[in-house]
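run.cif, holding mmCIF, C-alpha atoms and all ligand atoms:
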```cif
data_entry
#
loop_
_atom_site.label_atom_id
_atom_site.label_comp_id
_atom_site.auth_asym_id
_atom_site.auth_seq_id
_atom_site.Cartn_x
_atom_site.Cartn_y
_atom_site.Cartn_z
CA MET A 1 -26.02 112.50 128.81
CA LYS A 2 -23.10 112.25 126.37
CA VAL A 3 -19.85 112.54 128.31
CA LEU A 4 -16.44 113.00 126.73
CA VAL A 5 -13.85 111.21 128.89
CA ILE A 6 -10.28 112.40 128.46
CA ASN A 7 -7.25 110.51 129.68
CA ALA A 8 -4.15 112.54 128.79
CA GLY A 9 -0.53 111.56 129.06
CA SER A 10 2.47 113.77 128.40
CA SER A 11 2.46 113.09 124.64
CA SER A 12 -0.74 111.13 124.09
CA LEU A 13 -4.45 111.54 124.73
CA LYS A 14 -7.02 108.74 124.92
CA TYR A 15 -10.69 109.65 124.73
CA GLN A 16 -14.11 108.05 124.74
CA LEU A 17 -17.54 109.44 124.14
CA ILE A 18 -19.94 107.62 126.46
CA ASP A 19 -23.73 107.73 126.56
CA THR A 20 -24.32 107.53 130.29
CA ASP A 21 -28.01 106.64 129.86
CA THR A 22 -27.08 103.31 128.26
CA GLU A 23 -23.57 103.20 129.84
CA LYS A 24 -22.21 102.27 126.38
CA TYR A 25 -19.37 104.01 124.58
CA LEU A 26 -20.17 105.63 121.24
CA LEU A 27 -16.57 105.94 120.08
CA LYS A 28 -12.99 105.69 121.31
CA GLY A 29 -9.86 107.39 120.04
CA LEU A 30 -6.20 108.11 120.59
CA CYS A 31 -4.04 111.13 119.73
CA ASP A 32 -0.39 110.20 119.62
CA ARG A 33 2.89 112.16 119.50
CA ILE A 34 1.55 115.44 120.87
CA GLY A 35 4.39 117.99 120.86
CA MET A 36 6.46 115.90 118.42
CA ASN A 37 6.70 115.42 114.69
CA GLY A 38 4.38 112.90 113.05
CA GLY A 39 1.30 113.29 115.25
CA SER A 40 -1.74 111.13 114.56
CA LEU A 41 -5.33 110.62 115.63
CA GLU A 42 -7.14 107.31 115.33
CA GLN A 43 -10.77 106.79 116.23
CA LYS A 44 -13.28 103.95 115.99
CA THR A 45 -17.00 104.06 116.65
CA ALA A 46 -18.82 101.31 118.54
CA ASP A 47 -20.37 100.20 115.23
CA GLY A 48 -16.92 99.85 113.64
CA ARG A 49 -16.48 103.04 111.57
CA LYS A 50 -12.84 104.13 111.54
CA TYR A 51 -11.29 107.58 111.25
CA GLY A 52 -7.63 108.50 111.06
CA VAL A 53 -5.60 111.66 110.42
CA THR A 54 -1.95 112.49 110.58
CA ALA A 55 -1.10 116.03 111.56
CA ASP A 56 1.30 117.60 114.01
CA MET A 57 -0.21 118.66 117.32
CA PRO A 58 2.28 121.10 118.87
CA THR A 59 0.26 121.24 122.12
CA HIS A 60 -2.71 119.52 123.78
CA LYS A 61 -4.92 122.36 122.48
CA GLU A 62 -4.46 121.27 118.85
CA ALA A 63 -5.10 117.68 119.96
CA ILE A 64 -8.42 118.68 121.57
CA GLU A 65 -9.41 120.59 118.43
CA MET A 66 -8.66 117.49 116.35
CA VAL A 67 -10.68 115.34 118.74
CA LEU A 68 -13.68 117.65 118.40
CA SER A 69 -13.59 117.53 114.61
CA ALA A 70 -13.22 113.72 114.72
CA LEU A 71 -16.22 113.43 117.09
CA THR A 72 -18.37 115.47 114.73
CA ASP A 73 -17.09 114.01 111.46
CA LYS A 74 -20.05 113.34 109.13
CA GLN A 75 -18.96 109.84 108.10
CA ALA A 76 -17.09 108.54 111.12
CA GLY A 77 -18.25 110.66 114.06
CA ALA A 78 -20.96 110.02 116.65
CA ILE A 79 -22.44 113.49 117.15
CA SER A 80 -23.38 116.25 114.73
CA SER A 81 -22.34 119.15 116.95
CA VAL A 82 -20.09 119.80 119.95
CA SER A 83 -23.18 121.15 121.74
CA GLU A 84 -24.32 117.52 122.17
CA ILE A 85 -21.48 116.95 124.67
CA GLY A 86 -23.14 117.32 128.08
CA ALA A 87 -19.93 117.26 130.11
CA VAL A 88 -16.24 116.41 129.98
CA GLY A 89 -14.63 114.09 132.54
CA HIS A 90 -10.86 114.50 132.87
CA ARG A 91 -8.75 111.78 134.39
CA VAL A 92 -6.24 113.53 136.64
CA LEU A 93 -3.38 111.59 138.20
CA HIS A 94 -2.92 113.32 141.51
CA SER A 95 -5.18 115.09 144.01
CA GLY A 96 -2.45 115.69 146.59
CA GLU A 97 -4.23 116.28 149.88
CA ASP A 98 -6.47 118.95 148.33
CA PHE A 99 -9.35 116.81 147.08
CA HIS A 100 -11.11 113.82 148.59
CA SER A 101 -13.48 113.18 145.72
CA SER A 102 -14.03 114.21 142.12
CA VAL A 103 -14.75 117.92 141.59
CA VAL A 104 -16.37 120.26 139.09
CA ILE A 105 -13.47 122.17 137.55
CA ASP A 106 -13.13 125.91 138.16
CA ASP A 107 -10.13 128.28 138.31
CA GLU A 108 -9.38 127.29 141.90
CA VAL A 109 -9.31 123.58 141.01
CA VAL A 110 -6.88 124.29 138.15
CA ARG A 111 -4.65 126.28 140.53
CA LYS A 112 -4.58 123.41 143.05
CA CYS A 113 -3.78 120.91 140.28
CA GLU A 114 -0.89 123.14 139.20
CA LYS A 115 0.36 123.22 142.79
CA ASN A 116 0.23 119.40 142.89
CA ALA A 117 1.96 118.96 139.52
CA GLU A 118 5.29 118.20 141.22
CA LEU A 119 3.71 115.08 142.77
CA GLY A 120 3.14 113.61 139.29
CA PRO A 121 5.64 115.27 136.98
CA LEU A 122 5.11 112.77 134.13
CA HIS A 123 1.32 112.99 133.94
CA MET A 124 0.11 116.18 135.60
CA PRO A 125 1.37 118.68 132.98
CA GLY A 126 -0.56 116.80 130.24
CA ASN A 127 -3.65 116.51 132.46
CA ILE A 128 -3.61 120.24 133.22
CA ALA A 129 -2.90 121.23 129.61
CA CYS A 130 -5.95 119.24 128.49
CA ILE A 131 -8.20 120.78 131.13
CA LYS A 132 -7.12 124.30 130.13
CA SER A 133 -7.51 123.59 126.40
CA CYS A 134 -10.97 122.09 126.82
CA ARG A 135 -12.10 125.05 128.91
CA GLU A 136 -10.89 127.35 126.15
CA VAL A 137 -12.39 125.42 123.27
CA MET A 138 -15.67 124.42 125.02
CA PRO A 139 -16.23 127.25 127.53
CA SER A 140 -19.88 126.42 128.23
CA VAL A 141 -19.47 122.67 128.80
CA PRO A 142 -19.14 121.61 132.46
CA MET A 143 -15.91 119.77 133.27
CA VAL A 144 -15.10 117.38 136.09
CA ALA A 145 -11.73 116.22 137.40
CA VAL A 146 -11.68 112.56 138.43
CA PHE A 147 -8.48 111.76 140.30
CA ASP A 148 -6.59 108.46 140.38
CA THR A 149 -5.89 109.00 144.06
CA THR A 150 -9.12 110.16 145.74
CA PHE A 151 -10.69 106.70 146.22
CA HIS A 152 -7.77 106.05 148.55
CA SER A 153 -8.24 109.29 150.51
CA THR A 154 -10.30 107.38 153.10
CA MET A 155 -7.15 105.54 154.24
CA PRO A 156 -6.46 106.22 157.91
CA ALA A 157 -3.22 108.04 158.76
CA LYS A 158 -1.71 104.85 160.20
CA ALA A 159 -1.99 103.30 156.73
CA TYR A 160 -0.68 106.22 154.70
CA MET A 161 2.17 107.36 156.94
CA TYR A 162 5.71 106.30 156.07
CA GLY A 163 8.15 105.92 158.92
CA ILE A 164 9.67 109.36 158.35
CA PRO A 165 9.81 112.47 160.59
CA TYR A 166 6.31 113.93 160.88
CA SER A 167 7.57 117.40 160.04
CA ASP A 168 8.89 116.13 156.69
CA TYR A 169 5.53 114.54 155.92
CA GLU A 170 3.88 117.88 156.73
CA LYS A 171 6.34 120.00 154.77
CA TYR A 172 6.74 117.82 151.69
CA LYS A 173 3.51 115.77 151.74
CA VAL A 174 5.47 112.56 151.34
CA ARG A 175 3.00 109.77 152.21
CA LYS A 176 1.16 106.90 150.59
CA TYR A 177 -1.51 108.19 148.18
CA GLY A 178 -2.39 105.13 146.08
CA PHE A 179 -3.39 105.07 142.40
CA HIS A 180 -5.75 103.24 139.99
CA GLY A 181 -8.51 104.72 142.16
CA THR A 182 -11.11 104.84 139.38
CA SER A 183 -10.64 101.11 138.77
CA HIS A 184 -10.65 100.15 142.47
CA LYS A 185 -13.80 102.22 142.98
CA PHE A 186 -15.57 100.82 139.91
CA VAL A 187 -14.74 97.22 140.81
CA SER A 188 -15.72 97.72 144.48
CA GLU A 189 -19.08 99.15 143.42
CA GLU A 190 -19.65 96.31 140.96
CA ALA A 191 -18.73 93.72 143.63
CA ILE A 192 -21.14 95.29 146.10
CA LYS A 193 -23.90 95.39 143.46
CA TYR A 194 -23.25 91.75 142.56
CA LEU A 195 -22.89 90.25 146.03
CA GLY A 196 -24.86 92.69 148.15
CA ALA A 197 -23.25 95.01 150.69
CA ASP A 198 -23.47 92.50 153.58
CA SER A 199 -21.56 89.81 151.65
CA CYS A 200 -18.90 92.26 150.59
CA ARG A 201 -18.01 94.16 153.75
CA ARG A 202 -14.32 93.17 153.60
CA LEU A 203 -13.16 93.21 150.00
CA ILE A 204 -9.71 92.90 148.42
CA VAL A 205 -9.43 94.27 144.86
CA CYS A 206 -6.46 93.05 142.79
CA HIS A 207 -5.99 95.32 139.75
CA LEU A 208 -3.35 93.48 137.71
CA GLY A 209 -2.28 95.05 134.42
CA ASN A 210 0.94 96.59 133.14
CA GLY A 211 0.73 98.62 136.32
CA SER A 212 -0.73 96.66 139.23
CA SER A 213 -2.11 97.50 142.65
CA ILE A 214 -4.20 95.96 145.40
CA SER A 215 -6.67 97.67 147.71
CA ALA A 216 -8.32 96.71 150.97
CA VAL A 217 -11.91 98.00 150.91
CA LYS A 218 -14.12 98.01 153.99
CA ASP A 219 -17.83 98.78 153.49
CA GLY A 220 -17.01 100.30 150.10
CA LYS A 221 -14.22 102.55 151.41
CA CYS A 222 -10.51 102.07 150.86
CA ILE A 223 -8.52 101.46 154.05
CA ASP A 224 -5.18 100.54 152.46
CA THR A 225 -3.55 100.13 149.08
CA SER A 226 -0.27 98.83 147.70
CA MET A 227 0.88 101.79 145.58
CA GLY A 228 2.38 104.68 147.48
CA PHE A 229 3.73 108.18 147.00
CA THR A 230 4.08 107.20 143.35
CA PRO A 231 2.77 104.22 141.34
CA LEU A 232 6.15 102.51 141.84
CA GLU A 233 5.50 101.00 145.27
CA GLY A 234 3.94 97.64 145.98
CA LEU A 235 3.62 94.76 143.53
CA ILE A 236 6.20 93.50 141.04
CA MET A 237 4.64 94.88 137.84
CA GLY A 238 5.34 94.66 134.10
CA THR A 239 8.38 96.94 134.23
CA ARG A 240 8.21 98.44 137.76
CA SER A 241 10.12 96.99 140.69
CA GLY A 242 7.48 97.52 143.36
CA ASP A 243 8.71 97.31 146.96
CA ILE A 244 12.49 97.34 147.32
CA ASP A 245 14.80 98.16 150.22
CA PRO A 246 15.43 101.93 149.84
CA ALA A 247 19.08 101.40 150.75
CA ALA A 248 19.45 98.95 147.83
CA VAL A 249 18.27 101.72 145.49
CA ASP A 250 21.19 104.00 146.27
CA PHE A 251 23.64 101.07 146.35
CA LEU A 252 22.51 100.02 142.86
CA ARG A 253 22.52 103.61 141.59
CA ALA A 254 26.17 104.01 142.60
CA LYS A 255 27.15 100.62 141.08
CA LEU A 256 25.36 101.48 137.81
CA GLY A 257 26.93 104.95 137.80
CA ILE A 258 23.67 106.71 137.01
CA SER A 259 21.89 109.81 138.35
CA SER A 260 18.92 109.78 140.74
CA GLU A 261 16.58 110.65 137.87
CA GLU A 262 17.97 107.79 135.79
CA MET A 263 17.57 105.48 138.77
CA VAL A 264 13.86 106.32 139.06
CA GLN A 265 13.54 105.67 135.34
CA TYR A 266 15.35 102.32 135.79
CA LEU A 267 12.99 101.28 138.60
CA ASN A 268 9.97 102.26 136.49
CA LYS A 269 11.02 100.90 133.10
CA LYS A 270 13.69 98.21 133.43
CA CYS A 271 12.57 96.21 136.43
CA GLY A 272 9.52 94.16 137.36
CA MET A 273 8.73 91.00 135.40
CA LYS A 274 10.62 92.37 132.40
CA GLY A 275 13.76 92.87 134.46
CA ILE A 276 13.64 89.47 136.16
CA SER A 277 12.72 87.49 133.04
CA GLU A 278 15.06 89.42 130.75
CA VAL A 279 12.39 88.65 128.15
CA ASP A 280 9.35 90.93 128.24
CA SER A 281 6.87 92.67 130.50
CA ASP A 282 3.85 91.23 128.70
CA MET A 283 2.14 88.40 130.59
CA ARG A 284 1.13 86.62 127.38
CA VAL A 285 4.75 86.48 126.22
CA LEU A 286 5.89 85.31 129.66
CA GLU A 287 3.28 82.53 129.70
CA ARG A 288 4.47 81.36 126.27
CA GLU A 289 8.10 81.44 127.41
CA MET A 290 7.25 79.48 130.56
CA ALA A 291 5.63 76.82 128.39
CA THR A 292 8.92 76.39 126.54
CA GLY A 293 10.81 75.95 129.83
CA ASN A 294 12.29 79.47 130.23
CA SER A 295 13.22 79.46 133.92
CA LYS A 296 13.71 83.23 134.23
CA ALA A 297 10.22 83.86 132.79
CA GLN A 298 8.91 81.34 135.32
CA LEU A 299 10.76 83.09 138.17
CA ALA A 300 9.38 86.50 137.09
CA VAL A 301 5.78 85.27 137.14
CA GLU A 302 6.23 83.33 140.37
CA ALA A 303 7.84 86.32 142.11
CA ALA A 304 5.02 88.62 140.94
CA ALA A 305 2.36 86.13 142.09
CA TYR A 306 4.11 85.60 145.44
CA ARG A 307 4.13 89.38 146.08
CA ILE A 308 0.39 89.55 145.29
CA LYS A 309 -0.28 86.61 147.63
CA LYS A 310 1.59 88.37 150.45
CA TYR A 311 -0.40 91.59 149.95
CA VAL A 312 -3.66 89.62 149.94
CA GLY A 313 -2.65 88.07 153.27
CA SER A 314 -1.63 91.39 154.79
CA PHE A 315 -4.80 93.13 153.60
CA ALA A 316 -6.92 90.29 155.02
CA ALA A 317 -5.16 91.07 158.32
CA ALA A 318 -5.86 94.80 157.91
CA LEU A 319 -9.56 94.09 157.19
CA GLY A 320 -9.89 91.56 160.04
CA GLY A 321 -10.77 88.81 157.55
CA VAL A 322 -12.08 88.81 154.03
CA ASP A 323 -15.48 88.25 152.41
CA ALA A 324 -14.54 88.67 148.75
CA ILE A 325 -11.51 88.95 146.48
CA ALA A 326 -11.94 90.53 143.04
CA PHE A 327 -9.48 90.21 140.16
CA THR A 328 -9.43 92.86 137.43
CA GLY A 329 -7.13 94.46 134.79
CA GLY A 330 -5.61 92.77 131.74
CA ILE A 331 -3.84 90.08 133.80
CA GLY A 332 -6.46 89.77 136.54
CA GLU A 333 -9.23 89.30 133.97
CA ASN A 334 -7.36 87.08 131.51
CA SER A 335 -4.50 85.18 133.11
CA ALA A 336 -5.82 81.97 134.67
CA LEU A 337 -2.20 81.14 135.53
CA MET A 338 -1.65 84.28 137.60
CA ARG A 339 -4.96 83.83 139.44
CA ARG A 340 -4.12 80.18 140.14
CA LEU A 341 -0.67 81.00 141.53
CA VAL A 342 -2.15 83.72 143.76
CA MET A 343 -5.08 81.65 145.04
CA GLN A 344 -3.19 78.38 145.63
CA ASP A 345 -2.92 77.55 149.35
CA THR A 346 -5.34 80.23 150.50
CA GLU A 347 -7.60 77.77 152.35
CA TYR A 348 -6.31 79.37 155.57
CA LEU A 349 -8.36 82.46 154.61
CA GLY A 350 -11.51 80.41 154.03
CA VAL A 351 -11.11 80.35 150.24
CA GLU A 352 -12.33 77.29 148.31
CA PHE A 353 -10.98 78.20 144.90
CA ASP A 354 -12.58 76.51 141.89
CA PHE A 355 -9.49 75.67 139.82
CA GLU A 356 -11.54 74.24 136.94
CA GLU A 357 -13.79 77.28 136.65
CA ASN A 358 -10.67 79.47 136.77
CA GLU A 359 -9.37 77.92 133.52
CA LYS A 360 -12.55 78.71 131.53
CA ARG A 361 -12.84 81.87 129.44
CA ALA A 362 -16.00 83.95 129.71
CA ASP A 363 -17.12 87.56 129.55
CA GLY A 364 -18.57 89.67 132.34
CA ILE A 365 -18.49 89.08 136.09
CA ARG A 366 -17.50 85.51 137.05
CA VAL A 367 -17.36 83.63 140.33
CA LEU A 368 -14.26 81.46 140.76
CA SER A 369 -14.96 80.05 144.21
CA ALA A 370 -17.10 77.09 145.28
CA PRO A 371 -20.64 77.88 146.53
CA SER A 372 -19.54 76.71 150.02
CA SER A 373 -16.48 79.03 150.05
CA ALA A 374 -16.45 81.52 152.95
CA VAL A 375 -14.70 83.94 150.60
CA THR A 376 -16.17 84.69 147.16
CA VAL A 377 -13.50 85.03 144.49
CA LEU A 378 -14.60 87.06 141.49
CA VAL A 379 -13.36 88.31 138.14
CA ILE A 380 -14.83 91.77 137.50
CA PRO A 381 -13.88 93.48 134.23
CA THR A 382 -12.84 97.02 134.98
CA ASN A 383 -14.03 100.04 133.01
CA GLU A 384 -12.17 103.15 134.09
CA GLU A 385 -13.71 105.38 131.41
CA LEU A 386 -17.24 104.41 132.47
CA SER A 387 -16.26 105.04 136.08
CA ILE A 388 -15.09 108.55 135.12
CA ALA A 389 -18.27 109.16 133.10
CA ARG A 390 -20.48 108.07 136.03
CA GLU A 391 -18.64 110.40 138.42
CA THR A 392 -18.87 113.25 135.92
CA VAL A 393 -22.63 112.93 135.43
CA ALA A 394 -23.24 112.60 139.17
CA LEU A 395 -21.37 115.85 139.85
CA VAL A 396 -22.83 117.77 136.92
CA ASN A 397 -26.31 116.72 138.07
CA GLY A 398 -25.44 117.96 141.55
CA ASN A 399 -25.41 114.55 143.27
P1 LIG B 401 -2.64 98.77 131.55
O1 LIG B 401 -2.09 98.78 132.93
O2 LIG B 401 -1.68 99.31 130.52
O3 LIG B 401 -4.05 99.30 131.43
P2 LIG B 401 -3.87 96.21 131.00
O4 LIG B 401 -4.84 96.24 132.14
O5 LIG B 401 -4.41 96.31 129.63
O6 LIG B 401 -2.69 97.22 131.17
O7 LIG B 401 -3.05 94.82 131.13
C1 LIG B 401 -2.03 94.48 130.27
C2 LIG B 401 -1.49 93.10 130.69
O8 LIG B 401 -2.55 92.15 130.56
C3 LIG B 401 -0.34 92.61 129.82
O9 LIG B 401 0.66 92.02 130.65
C4 LIG B 401 -1.00 91.54 129.01
O10 LIG B 401 -0.09 90.53 128.62
C5 LIG B 401 -2.03 90.99 129.95
N1 LIG B 401 -3.03 90.21 129.22
C6 LIG B 401 -3.94 90.66 128.33
N2 LIG B 401 -4.64 89.61 127.80
C7 LIG B 401 -4.12 88.49 128.35
C8 LIG B 401 -4.39 87.08 128.21
N3 LIG B 401 -5.34 86.65 127.41
N4 LIG B 401 -3.68 86.22 128.97
C9 LIG B 401 -2.71 86.66 129.81
N5 LIG B 401 -2.41 87.96 129.98
C10 LIG B 401 -3.09 88.86 129.27
#
```

When written as structure tokens, how does the structure in this file appear?
Ligand code: ADP
Amino acid sequence: MKVLVINAGSSSLKYQLIDTDTEKYLLKGLCDRIGMNGGSLEQKTADGRKYGVTADMPTHKEAIEMVLSALTDKQAGAISSVSEIGAVGHRVLHSGEDFHSSVVIDDEVVRKCEKNAELGPLHMPGNIACIKSCREVMPSVPMVAVFDTTFHSTMPAKAYMYGIPYSDYEKYKVRKYGFHGTSHKFVSEEAIKYLGADSCRRLIVCHLGNGSSISAVKDGKCIDTSMGFTPLEGLIMGTRSGDIDPAAVDFLRAKLGISSEEMVQYLNKKCGMKGISEVDSDMRVLEREMATGNSKAQLAVEAAAYRIKKYVGSFAAALGGVDAIAFTGGIGENSALMRRLVMQDTEYLGVEFDFEENEKRADGIRVLSAPSSAVTVLVIPTNEELSIARETVALVNGN
């Protein structure tokens, strides 16, 4: 089946057309500056044909219409008619407590997403606008919502509760939800396929990218994760602070003389490795700066790695030990330095890390631990779009 995967932000929209029989993408594209002047669409097919247009897209509906004409373009498209699209998989940020898995979209699903929009005010309006536009423009094509949060819905209450009055949790639904679920699910499934379920009963997945999170996965199900009510909690990320004393937040806000909204923006955009290094959020830049002796860049990377190491230790405790640790995401897949800093001194867990193998570059799934290691350390390239396409086909086929 050909599945159109849509990943919408507030002013941008990424898409891929995936043939789920071969699990290969046919084309990828990006619509930028939706709702602003100077909108553009860029698309590239798997065999390298490029397509680009500049045109304003006042709403997500115009963006979807542009996507459909790009998909079917005679020279640079991958299908001759929209009727070849078997289903659309929409990435949706937040399920709230309403969904525990992906769902086929109907009016009721859209209503629940609208109710949950306040939980993800930056992403949900774009997600919902795309769902509505696609249903209008392609009324006969089945659509599936794949949430960033539902993989984590198997967390027990003791893991997702914050230490706040129960009545406030009930009234306002403030709790840990977790994000990056499509990646954590994809990588967990790949790890289980690669190692076998018995060798992967207690798995820690480290998704390290611009945004980063770690999950503890027992028998394929998430039991804890580092991100929380929003994707701000947990690790020190590219520009996000991760865990911080909540009292320090208000103290800083008052000292900086900014509003609560500006403070949330500050914690999301000005902190993390960028904030500490005062250089950049990009790991490649930080590695280059470290090589020239920049001590703040070094501190930023060391602090981020130390936070990851602590979460690995605490999730090993939550799982009652660990059988496998999987690294994924731009940093997890590519930064030998970050992996080395995280895996140093983890012999206490039963890890025999292969430092030489770690430095090599290779594609696909890689093992970075010695054959005698009690814990298998892996690099597993993530593929969130394929994960969404798989979920979409499974639901459309009634599985
Ligand atoms: P996002 O969260 O936006 O999907 P990615 O998963 O693409 O982000 O990860 C982006 C991060 O991966 C950046 O910090 C980038 O520097 C880092 N990265 C990508 N390639 C490399 C590399 N070869 N070496 C070190 N870091 C890398």

Closest contacts (chain A/ligand LIG 401 (chain B), max 9 Å, all atoms listed in the file) as a tab-separated table:
```
residue	atom	partner	partner_atom	distance
A:His207	CA	B:LIG401	O4	7.8
A:Leu208	CA	B:LIG401	O4	6.4
A:Gly209	CA	B:LIG401	O7	3.4
A:Asn210	CA	B:LIG401	O1	3.7
A:Gly211	CA	B:LIG401	O1	4.4
A:Ser212	CA	B:LIG401	O1	6.8
A:Met237	CA	B:LIG401	O9	8.7
A:Gly238	CA	B:LIG401	O9	6.4
A:Ser281	CA	B:LIG401	O9	6.2
A:Asp282	CA	B:LIG401	O9	3.8
A:Met283	CA	B:LIG401	O10	3.7
A:Arg284	CA	B:LIG401	O10	4.3
A:Val285	CA	B:LIG401	O10	6.8
A:Leu286	CA	B:LIG401	O10	8.0
A:Glu287	CA	B:LIG401	C9	7.3
A:Thr328	CA	B:LIG401	O4	7.8
A:Gly329	CA	B:LIG401	O4	3.9
A:Gly330	CA	B:LIG401	O7	3.3
A:Ile331	CA	B:LIG401	O8	4.1
A:Gly332	CA	B:LIG401	O8	7.5
A:Glu333	CA	B:LIG401	C7	7.6
A:Asn334	CA	B:LIG401	C8	4.4
A:Ser335	CA	B:LIG401	C9	4.0
A:Ala336	CA	B:LIG401	N4	7.4
A:Leu337	CA	B:LIG401	C9	8.0
A:Met338	CA	B:LIG401	C9	8.2
A:Thr382	CA	B:LIG401	O4	8.5
```

Atoms to include: C-alpha atoms. Write the selected residues as a PDB file, keeping the file's coordinate frame.
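Written output follows (part_37.pdb):
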```pdb
ATOM      1  CA  HIS A 207      -5.990  95.320 139.750  1.00  0.00           C
ATOM      2  CA  LEU A 208      -3.350  93.480 137.710  1.00  0.00           C
ATOM      3  CA  GLY A 209      -2.280  95.050 134.420  1.00  0.00           C
ATOM      4  CA  ASN A 210       0.940  96.590 133.140  1.00  0.00           C
ATOM      5  CA  GLY A 211       0.730  98.620 136.320  1.00  0.00           C
ATOM      6  CA  SER A 212      -0.730  96.660 139.230  1.00  0.00           C
ATOM      7  CA  MET A 237       4.640  94.880 137.840  1.00  0.00           C
ATOM      8  CA  GLY A 238       5.340  94.660 134.100  1.00  0.00           C
ATOM      9  CA  SER A 281       6.870  92.670 130.500  1.00  0.00           C
ATOM     10  CA  ASP A 282       3.850  91.230 128.700  1.00  0.00           C
ATOM     11  CA  MET A 283       2.140  88.400 130.590  1.00  0.00           C
ATOM     12  CA  ARG A 284       1.130  86.620 127.380  1.00  0.00           C
ATOM     13  CA  VAL A 285       4.750  86.480 126.220  1.00  0.00           C
ATOM     14  CA  LEU A 286       5.890  85.310 129.660  1.00  0.00           C
ATOM     15  CA  GLU A 287       3.280  82.530 129.700  1.00  0.00           C
ATOM     16  CA  THR A 328      -9.430  92.860 137.430  1.00  0.00           C
ATOM     17  CA  GLY A 329      -7.130  94.460 134.790  1.00  0.00           C
ATOM     18  CA  GLY A 330      -5.610  92.770 131.740  1.00  0.00           C
ATOM     19  CA  ILE A 331      -3.840  90.080 133.800  1.00  0.00           C
ATOM     20  CA  GLY A 332      -6.460  89.770 136.540  1.00  0.00           C
ATOM     21  CA  GLU A 333      -9.230  89.300 133.970  1.00  0.00           C
ATOM     22  CA  ASN A 334      -7.360  87.080 131.510  1.00  0.00           C
ATOM     23  CA  SER A 335      -4.500  85.180 133.110  1.00  0.00           C
ATOM     24  CA  ALA A 336      -5.820  81.970 134.670  1.00  0.00           C
ATOM     25  CA  LEU A 337      -2.200  81.140 135.530  1.00  0.00           C
ATOM     26  CA  MET A 338      -1.650  84.280 137.600  1.00  0.00           C
ATOM     27  CA  THR A 382     -12.840  97.020 134.980  1.00  0.00           C
TER      28      THR A 382
END
```

Which of A:Pro125, A:Gly163, A:Gly96, A:Gly29 sits closest to Ala78 of chain A [using all atoms listed in the file]:
A:Gly29

For segment 303-335 of chain A against segment 189-199 of chain A, with a cut-off of 9 Å and counting all atoms listed in the file, what is the closest atom pair and its distance in Å to one decimal for every residue that makes the cut, ordered by chain and number, as JSON lines?
```
{"residue": "A:Asp323", "atom": "CA", "partner": "A:Ser199", "partner_atom": "CA", "distance": 6.3}
{"residue": "A:Ala324", "atom": "CA", "partner": "A:Ser199", "partner_atom": "CA", "distance": 7.7}
{"residue": "A:Ala326", "atom": "CA", "partner": "A:Ala191", "partner_atom": "CA", "distance": 7.5}
```

Would you mind reading off the distance between atom CA of Lys221 of chain A and atom CA of Gly242 of chain A, one decimal, in Å?
23.7 Å

Smallest atom-to-atom distance to Gly364 of chain A: which of A:Val141, A:Ile236, A:Val187, A:Ala317, using all atoms listed in the file?
A:Val187

Nearest to Leu26 of chain A, chosen from A:Gly181, A:Gly48, A:Gly38, A:Gly234, with all atoms listed in the file counted in the distances
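For Leu26 of chain A, the nearest of the given residues is A:Gly48.
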
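Nearest-residue note for Ala216 of chain A: choosing from A:Asn127, A:Ser69, A:Thr230, A:Ser314, the minimum distance belongs to A:Ser314, counting all atoms listed in the file.
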
Residue nearest Glu136 of chain A - candidates A:Lys61, A:Lys360, A:Lys50, A:His152, atoms counted: only C-alpha atoms:
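Of the candidates, the smallest distance to Glu136 of chain A is held by A:Lys61.
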
Using only C-alpha atoms for the distances, tell me which of A:Pro371, A:Gly321, A:Gly275, A:Gly313 is nearest to Val301 of chain A.
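Going through A:Pro371, A:Gly321, A:Gly275, A:Gly313 one by one, the smallest distance to Val301 of chain A is for A:Gly275.
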
Tell me, as an mmCIF file with C-alpha atoms, in the frame of the given file, which residues lie within 10 Å of Val174 of chain A, counting all atoms listed in the file; anything in the same chain fewer than 2 positions away does not count.
```
data_model
loop_
_atom_site.group_PDB
_atom_site.id
_atom_site.type_symbol
_atom_site.label_atom_id
_atom_site.label_comp_id
_atom_site.auth_asym_id
_atom_site.auth_seq_id
_atom_site.Cartn_x
_atom_site.Cartn_y
_atom_site.Cartn_z
ATOM 1 C CA GLY A 96 -2.450 115.690 146.590
ATOM 2 C CA LEU A 119 3.710 115.080 142.770
ATOM 3 C CA TYR A 160 -0.680 106.220 154.700
ATOM 4 C CA MET A 161 2.170 107.360 156.940
ATOM 5 C CA TYR A 162 5.710 106.300 156.070
ATOM 6 C CA ILE A 164 9.670 109.360 158.350
ATOM 7 C CA TYR A 166 6.310 113.930 160.880
ATOM 8 C CA ASP A 168 8.890 116.130 156.690
ATOM 9 C CA TYR A 169 5.530 114.540 155.920
ATOM 10 C CA GLU A 170 3.880 117.880 156.730
ATOM 11 C CA LYS A 171 6.340 120.000 154.770
ATOM 12 C CA TYR A 172 6.740 117.820 151.690
ATOM 13 C CA LYS A 176 1.160 106.900 150.590
ATOM 14 C CA TYR A 177 -1.510 108.190 148.180
ATOM 15 C CA GLY A 228 2.380 104.680 147.480
ATOM 16 C CA PHE A 229 3.730 108.180 147.000
ATOM 17 C CA THR A 230 4.080 107.200 143.350
#
```

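Picture a line from atom CA of Lys274 of chain A to atom CA of Ala304 of chain A; it runs 10.9 Å.
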
Polymer residues at most 12 Å from Leu252 of chain A, all atoms listed in the file, same-chain spacing of 5 or more positions, as a list in words
Ile244, Asp245, Pro246, Ala247, Gly257, Ile258, Ser259, Ser260, Glu262, Met263, Val264, Tyr266 and Leu267 of chain A
